[in-house]
Amino acid sequence: MACLGLGTMSPWAEQDPPAGTAASTGQDASTPSVTFSVHIQPVLSKFCSECHGKEKHKADINFEAYREATQILEDRGTWEKARDMLRSKEMPPEKKPQPTDDERQTLIRFIESELSKSDCDGAVNPGRVTIRRLNRNEYNSTIRDLIGIDFKPAADFPSDEVGYGFDNIGDVLSLPPILMEKYLAAAEQIAKQAIVTEFLGRTPIKRIEAETLTSTANGGFFEDRALSLDTEGEAYTEFEFPRKGDYTIRARSFGQQAGPEPPRMAFRVGGKDLKVVDVTAVEAKPAIYEVRAQIDSGKHRLAVAYLNNYNVPDHPDPKLRGDRNLIVDYIEVEGPVGVEPPPLPRSHTRIITCVPRPGSEKECAREILSNFARRAYRRPLTDEEVKRLVRFVEVAKSEGGNFEEGIQLAIQAVLVSPNFLFRWELDPAPEKEKTVRSLSDYELASRLSYFLWSSMPDDDLFAQAEKGILHRGEVLEAQVKRMLQDSKARALVENFAGQWLTTRNLDITTPDLELFPEFDDALRKAMRQETDLFFEAIMKEDRSLLEFLDADFTFVNERLAKHYEIPGINGPEFQRVSLDRDSHRGGILTQASILTITSNPTRTSPVSRGKWILEQILGTPPPPPPADVPDLPTDEKAVQSASLRQRMEQHRTNPDCAVCHNKMDPLGFAFENFNAIGAWRSSDGKFPVDPSGTLPDGRSFNGPEELKRILKSEQTFIRTLTEKMLTFALGRGLEHYDRCAVDEIGKALAKDSYKFSTLVVGIAKSAPFQMRKLERATP
């Protein structure tokens, strides 16, 4: 097809070239009528070998070394570069003899045909996704849907690394020690918030074991189980009384009896004695002493005090000789007594699905934990896995805790398990001949939910997986369309669109407030919300993907409407508005969010805007600039001497700069009527704005509307969006063998008016999404 000529294009061919181009005239480069020796080699010799032959081999390329078509696949990288240079008309160089359009198109199509042969004609290669942990957004969303608590526990986790433009790429999601510490702390916090361990239809009892008490008296541990107070003093702890009310405080203790009276023990709260008792019990038969009192809510010092120490080893009366001591085994708090328990939170009733009767704790724990862990691990559990979790309940009960505290402990274990933190796709036992496998329905459900919702599967997805029918085409398609309409699909807006369009960068964009005093946080938020709502509308309404480039509607509130000079909009709520050509708006390229993040703080940046289009819209990122390129002068003298466009044209007279700037700058110049925060303007200082441009392939335009029409006429944008969404869906970068899947998705889109759902369904049905290369297989 006629190429945009914007530099290195997508590494794969476009579909359905426009009628009338050389690529659409009917000759198929893959037919026997076109051969390497007769049709390709002579053209290479005529136009390329002078610089890329035996005598000269610039860029280490020697086309004279290739004798047959099969060598193209053997040196894929070289031929992909050659194809891209031919498309963009960067080669042959401008001042060298040029092939005819037919010759150029024949070369391009022949190379593309050869490159595609092994990929799509042979065995399917779905690639392999590196096992990856949940990123911060996925962790928060999964906890929300698993527990029913939406408090974003991952807010203080370390930032996620980014690869291929997204933060869900397995190859870069590391697990530093600090993150493991955060996981442990978050699991404890989540379990405590999710499950109530008090006020469960019975008066709560808390036991404080002796080893956790602090003593102000001399002494130590008695036989490693109790605390010995050998002098006057107290054993205390800081205790949280949840409500004001009546509490019963107990202490299991005994005395080492000596002297004329037994040890005397005081119960104290907040330094105040509630009751003094004589401890007449002895070691052979400890006793429980108690007091009941009304106590205010809050944290208080809870203590038992030894009041009457006695140590007279040489008393004349042998019966009065000895050393009296107080031994405390534990303190127990029951209460508040008779207080109506508050309603249980949804998270508690969601997890605790049965209340154990005496003797049935183990069976109830098994029911609760097998269901919870199945959802947390996104797959069925083995019997042994369930048994290990039930043991946590048994341990908690053996240490004096109640049933709910045991469940709480088991949930903490689940939340720090690799089965929860990582998205496992475990390969079965090796089979000699097998190198790829289809995902199980549970694995497919997980891939689908984290793709569209950045979260775990819901009950509907689990049900289809349990039946083993999710992989069926009609079932999968119905699930995709259902999920796109769900409120949780907002995650695709925030996590895919926010990174594809780079609007997340708006949070750190800082226009110069002296030059742009109208910019504030309210405008920043409105800019971001417009783009989010626009993407969501195309998704929810299943509109054409081409409307991302140009559409007749957008969303504004009063603040943004004023910025856009759209009348009649009042209030902070966003409204859908129709756009006409006089509005200068339509599609993402003219939205203030994109125009602002691609500007400098003090001025527009045609280079940044052009580079953004190359990377995000056309999938053709330019190489990094040379290290020694000087900055564009921005002093007052330079600004007064010429418009920004004129200064940039002078700047790129440097041949080293011109190669890339000839691709980027025209794209950016098309949007020069929008200032650095996306407001419309007619002049750049005292100079009129010139939004015209000429692409490297010779096509010209004047302003954003004409450029958008050129962009919409090509397949490059559709292919780029497909590649980016497939990358996000898979959590890995694309490889040459993924082109087959991209080709098939592109064909489906062309047949179905480029509907949004067709793209998502195509990805969900593709081999890279539904299959994986086995671990032992060579990539």
# chains A, B, ... in the order shown; residues from 1 in each chain; ligands from 1

$ residues_around --residues "Pro688 in chain A" --least-positions-apart "4" --cutoff "10 Å" --atoms "only C-alpha atoms" --output "ChimeraX atom specification"
/A:643,673,681-684

$ closest_residue --among "A:Thr503, A:Leu415, A:Asp329, A:Ile40" --to "Pro99 in chain A" --atoms "only C-alpha atoms"
A:Ile40

$ residues_around --residues "range 490-493 of chain A" --least-positions-apart "3" --cutoff "7 Å" --atoms "only C-alpha atoms" --output "PyMOL selection string"
chain A and resi 452-454+487+496-498+532+535-536

$ write_last_selection --atoms "C-alpha atoms" --output "mmCIF file, in the first residue's frame"
data_model
loop_
_atom_site.group_PDB
_atom_site.id
_atom_site.type_symbol
_atom_site.label_atom_id
_atom_site.label_comp_id
_atom_site.auth_asym_id
_atom_site.auth_seq_id
_atom_site.Cartn_x
_atom_site.Cartn_y
_atom_site.Cartn_z
ATOM 1 C CA LEU A 452 -9.902 -6.069 30.887
ATOM 2 C CA TRP A 453 -10.357 -5.465 34.621
ATOM 3 C CA SER A 454 -6.822 -5.564 36.071
ATOM 4 C CA SER A 487 -18.063 -1.009 35.625
ATOM 5 C CA PHE A 496 -4.282 0.643 29.223
ATOM 6 C CA ALA A 497 -5.403 3.998 27.814
ATOM 7 C CA GLY A 498 -3.576 5.945 30.510
ATOM 8 C CA ASP A 532 -10.799 8.974 29.922
ATOM 9 C CA PHE A 535 -11.953 6.331 25.491
ATOM 10 C CA GLU A 536 -14.679 4.833 27.676
#

$ atom_distance --atom1 "CA of Glu735 in chain A" --atom2 "CA of Ile108 in chain A"
20.0 Å

$ closest_residue --among "A:Lys56, A:Lys540, A:His315, A:His348" --to "Ile190 in chain A" --atoms "only C-alpha atoms"
A:His348

$ select_by_dssp --residues "range 190-271 of chain A" --states "strand (DSSP E or B)" --output "count of residues only"
42

$ residues_around --residues "Arg482 in chain A" --least-positions-apart "3" --cutoff "12 Å" --atoms "only C-alpha atoms" --output "PyMOL selection string"
chain A and resi 448-449+452-453+458+460-461+475-479+485-489+539-540+757+760-761

$ decode --residues "range 668-684 of chain A" --atoms "all heavy atoms" --output "JSON list (two decimals), in the first residue's frame"
[["chain", "number", "residue", "atom", "x", "y", "z"],
["A", 668, "GLY", "N", 4.26, 17.43, 14.09],
["A", 668, "GLY", "CA", 4.08, 18.37, 15.18],
["A", 668, "GLY", "C", 3.60, 19.74, 14.72],
["A", 668, "GLY", "O", 2.77, 20.39, 15.38],
["A", 669, "PHE", "N", 4.10, 20.19, 13.54],
["A", 669, "PHE", "CA", 3.68, 21.49, 13.03],
["A", 669, "PHE", "C", 2.18, 21.55, 12.76],
["A", 669, "PHE", "O", 1.56, 22.61, 12.83],
["A", 669, "PHE", "CB", 4.45, 21.82, 11.74],
["A", 669, "PHE", "CG", 5.89, 22.18, 11.96],
["A", 669, "PHE", "CD1", 6.87, 21.78, 11.05],
["A", 669, "PHE", "CD2", 6.27, 22.92, 13.06],
["A", 669, "PHE", "CE1", 8.20, 22.11, 11.25],
["A", 669, "PHE", "CE2", 7.60, 23.26, 13.26],
["A", 669, "PHE", "CZ", 8.57, 22.86, 12.34],
["A", 670, "ALA", "N", 1.58, 20.41, 12.45],
["A", 670, "ALA", "CA", 0.14, 20.39, 12.17],
["A", 670, "ALA", "C", -0.68, 20.89, 13.35],
["A", 670, "ALA", "O", -1.81, 21.37, 13.17],
["A", 670, "ALA", "CB", -0.29, 18.97, 11.80],
["A", 671, "PHE", "N", -0.11, 20.84, 14.56],
["A", 671, "PHE", "CA", -0.85, 21.19, 15.78],
["A", 671, "PHE", "C", -0.33, 22.48, 16.42],
["A", 671, "PHE", "O", -0.57, 22.73, 17.59],
["A", 671, "PHE", "CB", -0.79, 20.03, 16.76],
["A", 671, "PHE", "CG", -1.38, 18.76, 16.20],
["A", 671, "PHE", "CD1", -0.57, 17.83, 15.58],
["A", 671, "PHE", "CD2", -2.74, 18.54, 16.25],
["A", 671, "PHE", "CE1", -1.11, 16.67, 15.02],
["A", 671, "PHE", "CE2", -3.29, 17.39, 15.70],
["A", 671, "PHE", "CZ", -2.48, 16.46, 15.08],
["A", 672, "GLU", "N", 0.39, 23.29, 15.62],
["A", 672, "GLU", "CA", 0.93, 24.53, 16.15],
["A", 672, "GLU", "C", -0.14, 25.56, 16.47],
["A", 672, "GLU", "O", 0.14, 26.55, 17.16],
["A", 672, "GLU", "CB", 1.96, 25.11, 15.19],
["A", 672, "GLU", "CG", 3.38, 24.64, 15.42],
["A", 672, "GLU", "CD", 3.89, 25.08, 16.79],
["A", 672, "GLU", "OE1", 4.39, 26.20, 16.94],
["A", 672, "GLU", "OE2", 3.76, 24.27, 17.74],
["A", 673, "ASN", "N", -1.36, 25.37, 15.98],
["A", 673, "ASN", "CA", -2.44, 26.29, 16.36],
["A", 673, "ASN", "C", -2.89, 26.07, 17.80],
["A", 673, "ASN", "O", -3.71, 26.83, 18.31],
["A", 673, "ASN", "CB", -3.63, 26.13, 15.43],
["A", 673, "ASN", "CG", -3.48, 26.91, 14.14],
["A", 673, "ASN", "OD1", -3.46, 26.35, 13.06],
["A", 673, "ASN", "ND2", -3.34, 28.23, 14.24],
["A", 674, "PHE", "N", -2.38, 25.04, 18.46],
["A", 674, "PHE", "CA", -2.70, 24.79, 19.86],
["A", 674, "PHE", "C", -1.48, 25.14, 20.71],
["A", 674, "PHE", "O", -0.38, 24.66, 20.45],
["A", 674, "PHE", "CB", -3.06, 23.31, 20.07],
["A", 674, "PHE", "CG", -4.26, 22.86, 19.29],
["A", 674, "PHE", "CD1", -4.11, 22.21, 18.08],
["A", 674, "PHE", "CD2", -5.55, 23.11, 19.76],
["A", 674, "PHE", "CE1", -5.21, 21.79, 17.36],
["A", 674, "PHE", "CE2", -6.65, 22.70, 19.04],
["A", 674, "PHE", "CZ", -6.49, 22.04, 17.83],
["A", 675, "ASN", "N", -1.70, 25.97, 21.72],
["A", 675, "ASN", "CA", -0.56, 26.40, 22.53],
["A", 675, "ASN", "C", -0.11, 25.29, 23.48],
["A", 675, "ASN", "O", -0.58, 24.14, 23.41],
["A", 675, "ASN", "CB", -0.86, 27.71, 23.27],
["A", 675, "ASN", "CG", -1.87, 27.53, 24.41],
["A", 675, "ASN", "OD1", -2.25, 26.43, 24.77],
["A", 675, "ASN", "ND2", -2.30, 28.65, 24.97],
["A", 676, "ALA", "N", 0.76, 25.61, 24.42],
["A", 676, "ALA", "CA", 1.38, 24.59, 25.27],
["A", 676, "ALA", "C", 0.43, 23.95, 26.25],
["A", 676, "ALA", "O", 0.77, 22.92, 26.86],
["A", 676, "ALA", "CB", 2.57, 25.20, 26.02],
["A", 677, "ILE", "N", -0.78, 24.52, 26.43],
["A", 677, "ILE", "CA", -1.78, 23.85, 27.26],
["A", 677, "ILE", "C", -3.04, 23.54, 26.45],
["A", 677, "ILE", "O", -4.12, 23.36, 27.00],
["A", 677, "ILE", "CB", -2.12, 24.68, 28.52],
["A", 677, "ILE", "CG1", -2.64, 26.06, 28.16],
["A", 677, "ILE", "CG2", -0.91, 24.77, 29.45],
["A", 677, "ILE", "CD1", -3.17, 26.84, 29.37],
["A", 678, "GLY", "N", -2.89, 23.48, 25.12],
["A", 678, "GLY", "CA", -3.96, 23.01, 24.26],
["A", 678, "GLY", "C", -5.03, 24.01, 23.90],
["A", 678, "GLY", "O", -6.07, 23.62, 23.35],
["A", 679, "ALA", "N", -4.82, 25.28, 24.18],
["A", 679, "ALA", "CA", -5.79, 26.31, 23.78],
["A", 679, "ALA", "C", -5.50, 26.73, 22.34],
["A", 679, "ALA", "O", -4.35, 26.74, 21.89],
["A", 679, "ALA", "CB", -5.71, 27.51, 24.70],
["A", 680, "TRP", "N", -6.56, 27.10, 21.61],
["A", 680, "TRP", "CA", -6.40, 27.48, 20.20],
["A", 680, "TRP", "C", -5.76, 28.86, 20.09],
["A", 680, "TRP", "O", -6.00, 29.75, 20.90],
["A", 680, "TRP", "CB", -7.77, 27.50, 19.51],
["A", 680, "TRP", "CG", -7.70, 27.84, 18.05],
["A", 680, "TRP", "CD1", -7.95, 29.05, 17.48],
["A", 680, "TRP", "CD2", -7.36, 26.96, 16.98],
["A", 680, "TRP", "NE1", -7.79, 28.99, 16.13],
["A", 680, "TRP", "CE2", -7.42, 27.71, 15.78],
["A", 680, "TRP", "CE3", -6.99, 25.62, 16.92],
["A", 680, "TRP", "CZ2", -7.14, 27.16, 14.53],
["A", 680, "TRP", "CZ3", -6.72, 25.06, 15.66],
["A", 680, "TRP", "CH2", -6.80, 25.82, 14.49],
["A", 681, "ARG", "N", -4.90, 29.02, 19.11],
["A", 681, "ARG", "CA", -4.25, 30.32, 18.86],
["A", 681, "ARG", "C", -4.05, 30.47, 17.35],
["A", 681, "ARG", "O", -4.00, 29.48, 16.61],
["A", 681, "ARG", "CB", -2.91, 30.40, 19.58],
["A", 681, "ARG", "CG", -1.89, 29.38, 19.05],
["A", 681, "ARG", "CD", -0.55, 29.48, 19.73],
["A", 681, "ARG", "NE", 0.43, 28.56, 19.14],
["A", 681, "ARG", "CZ", 1.71, 28.52, 19.45],
["A", 681, "ARG", "NH1", 2.18, 29.34, 20.37],
["A", 681, "ARG", "NH2", 2.53, 27.66, 18.86],
["A", 682, "SER", "N", -3.91, 31.71, 16.93],
["A", 682, "SER", "CA", -3.66, 31.98, 15.51],
["A", 682, "SER", "C", -2.25, 32.47, 15.26],
["A", 682, "SER", "O", -1.79, 32.48, 14.11],
["A", 682, "SER", "CB", -4.65, 33.05, 14.99],
["A", 682, "SER", "OG", -5.98, 32.57, 15.13],
["A", 683, "SER", "N", -1.57, 32.87, 16.32],
["A", 683, "SER", "CA", -0.21, 33.40, 16.14],
["A", 683, "SER", "C", 0.72, 32.84, 17.20],
["A", 683, "SER", "O", 0.30, 32.45, 18.29],
["A", 683, "SER", "CB", -0.21, 34.93, 16.20],
["A", 683, "SER", "OG", -0.69, 35.36, 17.47],
["A", 684, "ASP", "N", 1.98, 32.80, 16.86],
["A", 684, "ASP", "CA", 3.06, 32.41, 17.77],
["A", 684, "ASP", "C", 3.84, 33.68, 18.07],
["A", 684, "ASP", "O", 4.74, 34.07, 17.32],
["A", 684, "ASP", "CB", 3.95, 31.36, 17.10],
["A", 684, "ASP", "CG", 5.17, 31.01, 17.93],
["A", 684, "ASP", "OD1", 5.18, 31.35, 19.13],
["A", 684, "ASP", "OD2", 6.12, 30.41, 17.39]]
